[in-house]
Protein chains: 2
Amino acid sequence: MSDLNAVSRELIFFVNGKKMIEKNADPEEVLLSYLRRKAGLTGTKYGCGTGGCGACTVMVSSYSGHQERVMHYTVNACLQPIVTLHGAAVVTVEGVGSTRTKLHPVQERIAKAHGTQCGFCTPGMVMSMYTLLRNKPRPTMEDIKEALCGNICRCTGYRPIIDGFKTFCGREISQESFPMDDLLPLDPSQDLIFPPELLIMEKKFSGDALHFQGQRVSLVAPSELLHLLELKAEHPSAPLTVGNTTIGPKRLLKGVHHPLVVYVGRISELRAVTWGENGLTVGAACSLSVLKEELEKAVAEMEEERARAYRLILQTLQCLAGKQIRNMAANGMRDIHMNEKLFPDFGKTSLRPNEVLLSIDIPYSKPWESVAWYRQAQRREFAFAIVNAGMKVAVREGTDIVESLNVYYGGVGSTLVKCGRTCQQLVGRRWGEDLLTDACRFIKEDVDVSLSIHGGRAEYRKTLAISFFFKFYMQVALEMRERGVSDVDLPLEYLSALKPFKNEVPQGQQSYQLVSEAQPSADPVGHPSMHQSAFQQATGEAKYYDDLPPVKGELFIFMVTSTRAHAKIINIDPSEALKMPGVVTCISAGDVPGANRRLFMNYTEELFATEEVLETARHVICVGQIICAVVAESREQARRAAETVQITYQDLQPVFFTIQDAIKHKSFFEPRRKVERGDVDAALKMAEQILEDEIYMGGQEHFYMETQGLIAVPKGENEEMDLFVSTQHAALTQEVVGTALGIASNKITCHVKRLGGGFGGKVMKIASLSAITAVAAHKTGRAVRCCLERGDDMLITSGRHPFLGKYKVGYNRDGTIIAADIIYYSNGGCTLDESSFIMDKAVLHMDNGYKIPNLRGRGVVCKTYLPSYTAFRGFGGPQGLTVIESVLHEVAVRCGLPPEKVRGHRDVAQGCFRF
Amino acid sequence: MSDLNAVSRELIFFVNGKKMIEKNADPEEVLLSYLRRKAGLTGTKYGCGTGGCGACTVMVSSYSGHQERVMHYTVNACLQPIVTLHGAAVVTVEGVGSTRTKLHPVQERIAKAHGTQCGFCTPGMVMSMYTLLRNKPRPTMEDIKEALCGNICRCTGYRPIIDGFKTFCGREISQESFPMDDLLPLDPSQDLIFPPELLIMEKKFSGDALHFQGQRVSLVAPSELLHLLELKAEHPSAPLTVGNTTIGPKRLLKGVHHPLVVYVGRISELRAVTWGENGLTVGAACSLSVLKEELEKAVAEMEEERARAYRLILQTLQCLAGKQIRNMAANGMRDIHMNEKLFPDFGKTSLRPNEVLLSIDIPYSKPWESVAWYRQAQRREFAFAIVNAGMKVAVREGTDIVESLNVYYGGVGSTLVKCGRTCQQLVGRRWGEDLLTDACRFIKEDVDVSLSIHGGRAEYRKTLAISFFFKFYMQVALEMRERGVSDVDLPLEYLSALKPFKNEVPQGQQSYQLVSEAQPSADPVGHPSMHQSAFQQATGEAKYYDDLPPVKGELFIFMVTSTRAHAKIINIDPSEALKMPGVVTCISAGDVPGANRRLFMNYTEELFATEEVLETARHVICVGQIICAVVAESREQARRAAETVQITYQDLQPVFFTIQDAIKHKSFFEPRRKVERGDVDAALKMAEQILEDEIYMGGQEHFYMETQGLIAVPKGENEEMDLFVSTQHAALTQEVVGTALGIASNKITCHVKRLGGGFGGKVMKIASLSAITAVAAHKTGRAVRCCLERGDDMLITSGRHPFLGKYKVGYNRDGTIIAADIIYYSNGGCTLDESSFIMDKAVLHMDNGYKIPNLRGRGVVCKTYLPSYTAFRGFGGPQGLTVIESVLHEVAVRCGLPPEKVRGHRDVAQGCFRF
């Protein structure tokens with residue numbers, strides 16, 4: 001290790017005004033677990049662990065020597081290693097206000113505006129808004145939209161949240177739903193100040209390097225460039241980090257870890273943003289937020305033409321993650337590209353070991369030059385791009401003749417791909433339709449997407465690459481026409497492709513009935529009433545199961561799940577896991593003292609995968625099926641150990657996942673459902689027209705903000721056990737746990753204070769998880785906590801049933817439907833669970849409110865090799881309704897009638913319109 | 001420190017077969033807290049903390065080099081410093097058997113014989129019996145009596161416990177109450193073996209000295225005499241200890257502590273028991289149990305006369321503590337006396353600094369010599385003696401002429417007192433009535449008990465001293481008459497004084513109605529039914545509030561109570577306490593956010609002492625009244641800190657404690673009660689005889705085995721709080737806590753799984769304790785545990801009301817009572833609480849079942865400067881009945897009739913006999 005300068009091994013930062021000194025800070029520890037488990041501040045929630053949901057948003061304040069002021073910004077505590085917080089002050093929702101002392105106006109208004117339902121996203125919402133107000137006490141609606149961009153809510157639909165917050169813009173909202181008379185005023189003097197001690201520390205010790213040694217990882221944070229270069233030379237494979245947005249999720253999602261990480265955020269040269277003769281120089285560790293701020297300021301004062309690239313970057317920054325991420329992100333290595341040679345392979349750069357990327361120069365745009373950037377992703381801000389692209393063309397002054405062209409793609413190969421041939425061959429050509437035709441052909445050749453590309457969808461990627469160039473073609477052509485050097489024909493309807501996609505400020509409205517003024521205010525009927533726990537939710541005081549402090553001797557359980565959809569388990573080998581530090585035991589089917597099954601009505605699902613077909617072979621029937629579970633002293637130990645359990649499979653056939661394939665395999669659950677009225681077959685014969693078609697409805701993830709889990713606490717007596725569990729069906733959980741333990745279920749007490757959302761997803765599987773956790777608690781005699789990580793939750797728990805509705809409908813030309821024969825297929829996944837009830841509800845809703853005189857509905861639940869689908873808001877109703885609504889719409893189109901006429905027709909004709 | 005031999009600083013012992021290695025063993029830590037808090041074995045209970053109740057009995061096994069075998073013996077875990085257990089194996093109730101694995105027959109039989117009620121004494125009972133069986137698989141009833149002598153039970157009356165255990169003697173008990181068919185047989189092969197590793201350790205390391213350094217105390221355990229002498233010379237004030245029966249309780253009860261303690265139990269010379277020419281030599285560190293065993297063996301084979309002193313010692317040993325204590329006790333310094341010069345002052349010996357008491361020689365008794373030993377104590381085995389005495393007389397052979405006389409007393413001065421003048425002056429005199437008369441006079445002068453003697457009762461002590469000599473006089477006279485050298489007249493009725501007091505083997509019987517054989521066994525009515533939790537109680541699995549594992553961040557609260565009966569509090573100064581390690585806060589009246597009172601019906605008692613008479617002065621009205629409380633990280637820290645809180649009082653008048661004084665001061669509570677029937681005054685005039693008298697009934701301590709306490713756990717939300725509390729009245733506790741916190745009481749949840757006895761004592765005061773603890777939890781935001789030590793429990797909580805019944809009764813000579821006028825006075829203590837209800841019940845029971853035609857009963861509750869008396873089994877009924885029963889008895893005596901006749905008379909005369 002270098003001895004260039006003083007090295008401090010003590011981490012000092014503030015949390016809610018309290019000084020935290022950590023002598024043995026672990027570089028792997030993120031702020032979220034530190035806050036929740038060490039500091040006991042459970043207001044900050046775990047929603048996804050990958051910076052994607054905002055439930056863990058906190059405010060970080062730090063003094064910027066470059067800017068000479070204290071910066072306040074939001075971060076996702078789930079990504080922020082505590083070691084990067086040296087000298088910073090963290091404010092959590094608990095530091096903003098509390099019911100015991102005083103609410104902060106942000107907390108009061110989100111509560112009173114009915115902006116809390118399950119309340120799990122609320123602290124994050126509060127923190128995003130609070131930070132905005134710290135920086136801008138009178139924000140615009142646009143500011144609010146941007147501030148909340150990284151915060152997901154699954155209950156409210158956002159409207160009431162925005163209602164509450166928009167009052168800070170000076171906008172009034174309905175007095176009836178949200179009395180504004182006695183609201184607390186915003187009073188910045190009440191906010192926690194930046195600790196003066198940190199200013200002194202910053203001045204005294206900012207030159208010190210930091211070194212933190214964890215159990216598996218050490219982190220060095222040099223403060224001087226020379227030191228960094230030395231480190232880089234000594235440890236060429238050690239990654240450099242600032243925001244942890246790349247190393248963080250990668251470690252979590254893919255188990256990659258680095259023994260040495262170099263944090264470069266303390267080197268002032270790397271954080272600088274400066275303007276030179278040719279344009280902007282951005283330090284490689286400058287955050288995107290700082291860059292954005294700098295560009296916004298500059299662009300406002302710059303000539304239109306010189307600023308073109310900067311405007312584009314600003315536009316780009318809108319699409320790069322949420323505010324919490326942008327405040328931190330920038331490892332300066334990949335997010336801002338130079339050319340394909342800098343990136344010889346995925347995650348590699350061509351820098352020599354003793355080189356680091358210091359900064360990036362972004363020159364002013366020149367006349368007769370056009371630039372563009374494109375990105376297509378599953379989620380606009382948060383997902384990695386499927387394909388992204390950067391393009392630049394320069395034309396000969398006063399002409400439309402290409403002088404140089406650069407086209408780069410990401411996401412079409414292992415690293416950045418330059419369309420070299422395309423660019424070369426188009427030089428000297430006029431920017432017109434011929435060039436477009438050739439370019440598309442060349443790009444098709446240059447972009448040779450391998451079928452084995454990470455993430456798949458090779459064909460789609462190719463299409464995207466070409467589409468992006470088409471957009472670029474149009475943009476440049478338009479610019480040339482404006483300059484008067486081109487007369488390319490651009491059909492008007494194509495031009496919409498050029499409009500930047502813009503999220504409008506959300507608008508919402510609510511209809512409700514006003515109560516009579518004569519009604520006494522003490523009479524609650526019809527009066528909007530604030531959620532009973534709203535203040536607790538808004539202050540982070542509301543306790544969810546995982547907020548309960550650790551019980552003495554508590555263990556943690558981590559599930560080991562199947563990676564095969566259909567296979568015999570030849571062997572389960574936990575021997576490596578059992579050797580790992582902190583591991584207490586590994587449990588599987590053999591450890592269940594009672595029945596290894598969750599029984600619901602007459603339908604059973606195994607807790608742990610075991611023999612089904614052959615008596616001697618254990619057997620999995622979906623990916624994500626629980627095979628065994630590792631129990632250890634800590635979450636991290638359990639997780640790491642679970643990854644080492646070796647399962648040997650022997651794949652079985654068949655394997656299929658879709659309704660269509662299940663129909664092919666005649667793979668159905670019993671019972672099937674049938675409802676019939678009138679004489680469908682006869683009526684179909686009499687109908688003037690027949691419509692035969694089908695409609696497919698995809699499934700849906702619940703994405704309750706709080707992942708599933710529980711704490712099982714053996715009372716140490718008479719096999720009694722307390723479960724603190726996030727369940728929508730405590731009685732089922734109680735019964736399943738009793739059955740699994742082989743004891744009377746009245747020895748099990750389920751405590752359900754509240755849930756962070758459920759939507760039907762916390763009925764069935766949570767009972768199995770509870771039973772498994774209870775088995776672990778029973779076996780070890782200790783309390784066991786289970787808290788699914790978001791990835792496991794999505795893998796194990798499934799969601800709304802996909803449906804396929806096939807129908808044959810007889811109608812007359814006036815739009816009257818006289819007969820319908822519908823078959824509903826749902827994808828039930830690998831076990832039946834509630835699927836037949838959900839199918840019942842779908843079939844019973846098959847003609848919605850339109851009483852079709854001759855109607856036959858049949859329901860079939862398909863058995864596939866997927867995790868069992870389960871209850872979800874509406875419980876089959878929406879799927880049932882969708883089929884008939886689709887039929888009505890299609891009949892209307894066919895009859896040339898407005899759909900509401902066909903719908904209304906039923907009303908007039910049959911008198912059975914029932915809204 | 002000496003370097004004579006190797007020193008080990010690592011404590012190694014076994015608990016239930018598991019090896020425990022403690023690198024930093026604290027000499028102050030006793031086994032009980034180690035088991036309960038560190039090892040999580042909560043089956044061993046805290047009942048008194050001073051070795052007086054047996055609830056913490058465990059078995060210790062160690063290899064005796066002297067005896068060349070493994071010894072199994074019971075100890076009180078509350079007294080046993082863990083550092084004295086090096087090389088020993090501890091078995092707790094959890095190591096004996098469990099419901100999860102297998103019950104031990106001891107556990108099964110105490111349970112099935114209905115020997116558990118509250119269950120708190122049960123683990124200790126089990127351990128005493130288990131240890132007996134380890135040593136003697138087929139014990140006698142006498143053995144059982146002795147084994148259980150140190151175990152108190154407050155619920156069962158012992159009979160069912162003995163019923164269960166006597167089956168091990170081969171005695172059958174009633175089949176109806178206790179089916180014996182399917183009992184587990186005693187199978188010693190199932191017992192935990194003595195760990196072979198300890199045998200190896202003993203052989204290898206028994207020569208090592210041990211050294212343990214705690215926070216405040218260090219302990220050295222030399223293994224060689226030379227080393228001990230060196231230590232003694234270096235640290236003359238360091239006490240030597242073996243059993244911790246003197247230093248242990250003293251530290252606890254009086255706060256005395258010693259920075260260095262020398263444990264002499266590892267020095268083989270001090271443990272030896274050997275027989276020489278003149279008699280027995282007992283090593284100074286030999287346990288009383290070993291001595292007893294040795295003597296019993298020897299006496300059986302020895303001539304009657306030589307063995308006289310040994311027999312006496314054996315008899316003495318019966319009265320010295322319980323088996324658990326005898327197994328350990330013997331500091332060899334005081335309990336076995338030599339003469340008055342060895343003990344120049346209380347707790348002092350005349351040994352020079354470099355001397356230790358190695359052993360005591362106890363010679364064979366000689367012919368013409370008589371010895372005796374006497375002891376009078378509040379509790380036969382467990383209390384310190386009020387007065388004890390040792391006497392020896394030798395007479396000239398063949399005569400009754402005193403040749404030498406020795407009379408020693410303990411408890412009449414600061415140390416051992418020799419009646420020198422008495423002994424000198426009686427030499428040469430004949431053993432007769434003259435000698436007796438003079439002796440009594442001389443002793444009266446020799447034994448000059450100071451009025452300020454520790455423990456008081458100077459006059460009583462003098463009387464005891466003389467009485468003891470009178471007993472000795474008779475004993476010797478009787479012996480002389482038997483030898484034919486004296487003809488002193490000894491009245492026959494006096495001789496009973498010579499009989500040794502002997503506890504008979506307890507006998508008990510139970511009457512119950514047999515159910516018809518036709519009644520199906522599934523019909524429980526009339527069938528004896530085992531306690532639902534009996535197996536859990538017998539295995540130590542039954543959880544009481546203090547068995548709950550520590551909640552994260554849990555604090556401990558210790559009360560500071562008044563040392564004055566009536567005083568103004570001038571000042572409360574917790575400044576010293578607040579500086580002590582671990583102390584978090586000190587709370588008093590000002591910290592109570594709601595009302596500083598427990599309200600019951602309309603009667604209120606303050607939680608913390610505060611102003612009553614003067615608005616500006618805080619004010620106490622009894623000793624033991626809670627003034628403030630210290631909250632700290634651990635029990636020990638809280639206790640030590642509480643001792644340092646300085647309260648400045650200004651004494652007030654009056655101060656009185658008795659009913660008689662309250663009557664004098666006209667100090668009564670309202671309301672008074674009056675019940676009247678007939679014309680009492682007229683009837684009294686008509687009666688042939690009048691009886692006027694009074695009867696006094698003393699109070700009574702509940703002594704539930706489990707002391708009062710609770711754990712208050714704030715839920716961190718909305719001021720909600722869980723209380724795990726030992727209360728008989730959860731609703732009252734809930735209400736009082738809500739009122740004290742100033743919140744709705746539905747935010748308070750009281751959890752009462754079970755109580756370790758209550759008897760009425762856990763109704764009122766526990767609500768105050770709960771409120772105080774909840775205030776601490778509320779103030780700190782952390783869980784707070786309150787667990788009264790036995791001394792504080794007895795000081796703070798009070799018990800059954802003393803009653804004085806004054807009556808005037810008119811009766812005829814045939815025993816008919818025609819009128820009675822009774823006034824009941826109860827001592828209510830300083831607040832009313834339930835006293836008026838208890839008085840109601842007493843008054844309503846005033847003529848029991850005997851309907852006296854003219855009857856007046858009045859009830860008055862006296863207000864005195866004592867802690868408030870409270871509910872106790874019967875709730876005033878027993879006191880009410882006692883008066884009239886006493887009246888009936890006295891009338892019977894006066895009329896010369898058998899009492900049952902007078903009682904029956906009522907039946908015949910009035911037809912109202914209502915049994």
# chains A, B, ... in the order shown; residues from 1 in each chain; ligands from 1

call {"tool": "interface_residues", "arguments": {"of": "chain A", "to": "chain B", "cutoff": "9 Å", "atoms": "only C-alpha atoms", "output": "VMD selection string"}}
result
chain A and resid 99 to 100 533 535 to 536 540 to 543 548 to 553 715 to 719

call {"tool": "select_by_dssp", "arguments": {"residues": "range 45-92 of chain A", "states": "strand (DSSP E)", "output": "list in words"}}
result
Thr57, Val58, Met59, Val60, Ser61, Ser62, Tyr63, Ser64, Arg69, Val70, Met71, His72, Tyr73, Thr74, Val75, Asn76, Ala89, Val90 and Val91 of chain A

call {"tool": "residues_around", "arguments": {"residues": "Val220 in chain A", "least_positions_apart": "4", "cutoff": "8 Å", "atoms": "only C-alpha atoms", "output": "ChimeraX atom specification"}}
result
/A:209-212,260-263

call {"tool": "residues_around", "arguments": {"residues": "Val584 in chain B", "least_positions_apart": "2", "cutoff": "7 Å", "atoms": "only C-alpha atoms", "output": "ChimeraX atom specification"}}
result
/B:582,631-632

call {"tool": "select_by_dssp", "arguments": {"residues": "range 34-127 of chain B", "states": "alpha helix (DSSP H)", "output": "ChimeraX atom specification"}}
result
/B:93-96,105-112,122-127

call {"tool": "write_last_selection", "arguments": {"atoms": "C-alpha atoms", "output": "mmCIF file, in the first residue's frame"}}
result
data_model
loop_
_atom_site.group_PDB
_atom_site.id
_atom_site.type_symbol
_atom_site.label_atom_id
_atom_site.label_comp_id
_atom_site.auth_asym_id
_atom_site.auth_seq_id
_atom_site.Cartn_x
_atom_site.Cartn_y
_atom_site.Cartn_z
ATOM 1 C CA VAL B 93 -33.138 -28.963 34.723
ATOM 2 C CA GLU B 94 -32.758 -28.722 30.958
ATOM 3 C CA GLY B 95 -30.012 -31.344 31.108
ATOM 4 C CA VAL B 96 -32.195 -33.765 32.996
ATOM 5 C CA PRO B 105 -38.804 -39.908 35.755
ATOM 6 C CA VAL B 106 -38.374 -37.180 38.368
ATOM 7 C CA GLN B 107 -39.955 -34.701 35.993
ATOM 8 C CA GLU B 108 -42.691 -37.054 34.969
ATOM 9 C CA ARG B 109 -43.647 -38.014 38.503
ATOM 10 C CA ILE B 110 -43.748 -34.533 40.006
ATOM 11 C CA ALA B 111 -45.941 -33.538 37.075
ATOM 12 C CA LYS B 112 -48.287 -36.499 37.153
ATOM 13 C CA THR B 122 -40.480 -27.094 40.265
ATOM 14 C CA PRO B 123 -37.119 -27.051 38.463
ATOM 15 C CA GLY B 124 -35.358 -26.675 41.808
ATOM 16 C CA MET B 125 -37.403 -29.506 43.298
ATOM 17 C CA VAL B 126 -36.538 -31.656 40.306
ATOM 18 C CA MET B 127 -32.837 -30.912 40.627
#

call {"tool": "atom_distance", "arguments": {"atom1": "CA of Trp275 in chain B", "atom2": "CA of Val371 in chain B"}}
result
20.4 Å

call {"tool": "atom_distance", "arguments": {"atom1": "CA of Lys674 in chain B", "atom2": "CA of Gly859 in chain B"}}
result
6.3 Å

call {"tool": "residues_around", "arguments": {"residues": "range 306-313 of chain A", "least_positions_apart": "3", "cutoff": "8 Å", "atoms": "only C-alpha atoms", "output": "PyMOL selection string"}}
result
chain A and resi 295+299+302-303+316-317+364-367+371-373

call {"tool": "residues_around", "arguments": {"residues": "Ala712 in chain A", "least_positions_apart": "2", "cutoff": "7 Å", "atoms": "only C-alpha atoms", "output": "ChimeraX atom specification"}}
result
/A:710,714,721-724,773-774,777,783-785

call {"tool": "write_last_selection", "arguments": {"atoms": "N, CA and C atoms", "output": "PDB file, in the first residue's frame"}}
result
ATOM      1  N   LEU A 710     -41.037 -13.208   6.937  1.00  0.00           N
ATOM      2  CA  LEU A 710     -41.576 -13.364   8.282  1.00  0.00           C
ATOM      3  C   LEU A 710     -40.439 -13.578   9.276  1.00  0.00           C
ATOM      4  N   PRO A 714     -39.683 -19.171  18.102  1.00  0.00           N
ATOM      5  CA  PRO A 714     -40.156 -20.238  18.993  1.00  0.00           C
ATOM      6  C   PRO A 714     -40.219 -19.690  20.411  1.00  0.00           C
ATOM      7  N   MET A 721     -45.133 -21.070  18.903  1.00  0.00           N
ATOM      8  CA  MET A 721     -44.332 -20.206  18.046  1.00  0.00           C
ATOM      9  C   MET A 721     -45.105 -18.952  17.676  1.00  0.00           C
ATOM     10  N   ASP A 722     -44.390 -17.845  17.709  1.00  0.00           N
ATOM     11  CA  ASP A 722     -44.938 -16.578  17.215  1.00  0.00           C
ATOM     12  C   ASP A 722     -44.427 -16.365  15.803  1.00  0.00           C
ATOM     13  N   LEU A 723     -45.328 -15.994  14.905  1.00  0.00           N
ATOM     14  CA  LEU A 723     -44.900 -15.607  13.562  1.00  0.00           C
ATOM     15  C   LEU A 723     -45.264 -14.141  13.342  1.00  0.00           C
ATOM     16  N   PHE A 724     -44.276 -13.363  12.992  1.00  0.00           N
ATOM     17  CA  PHE A 724     -44.519 -11.981  12.586  1.00  0.00           C
ATOM     18  C   PHE A 724     -44.398 -12.000  11.077  1.00  0.00           C
ATOM     19  N   THR A 773     -39.761 -21.597   7.206  1.00  0.00           N
ATOM     20  CA  THR A 773     -39.037 -20.825   8.225  1.00  0.00           C
ATOM     21  C   THR A 773     -39.322 -21.392   9.611  1.00  0.00           C
ATOM     22  N   ALA A 774     -40.566 -21.792   9.833  1.00  0.00           N
ATOM     23  CA  ALA A 774     -40.929 -22.374  11.128  1.00  0.00           C
ATOM     24  C   ALA A 774     -40.201 -23.702  11.344  1.00  0.00           C
ATOM     25  N   ALA A 777     -36.843 -22.818  12.484  1.00  0.00           N
ATOM     26  CA  ALA A 777     -36.876 -22.344  13.871  1.00  0.00           C
ATOM     27  C   ALA A 777     -37.070 -23.520  14.820  1.00  0.00           C
ATOM     28  N   ALA A 783     -34.959 -18.214  16.879  1.00  0.00           N
ATOM     29  CA  ALA A 783     -35.777 -17.409  15.978  1.00  0.00           C
ATOM     30  C   ALA A 783     -35.123 -17.395  14.603  1.00  0.00           C
ATOM     31  N   VAL A 784     -35.939 -17.413  13.571  1.00  0.00           N
ATOM     32  CA  VAL A 784     -35.407 -17.389  12.203  1.00  0.00           C
ATOM     33  C   VAL A 784     -36.155 -16.321  11.417  1.00  0.00           C
ATOM     34  N   ARG A 785     -35.396 -15.512  10.717  1.00  0.00           N
ATOM     35  CA  ARG A 785     -35.988 -14.467   9.886  1.00  0.00           C
ATOM     36  C   ARG A 785     -35.836 -14.848   8.420  1.00  0.00           C
TER      37      ARG A 785
END

call {"tool": "atom_distance", "arguments": {"atom1": "CA of Gly157 in chain A", "atom2": "CA of Asn503 in chain A"}}
result
15.3 Å

call {"tool": "closest_residue", "arguments": {"among": "B:Ile82, B:Ile362, B:Ile695, B:Cys787", "to": "Leu280 in chain B", "atoms": "only C-alpha atoms"}}
result
B:Ile362
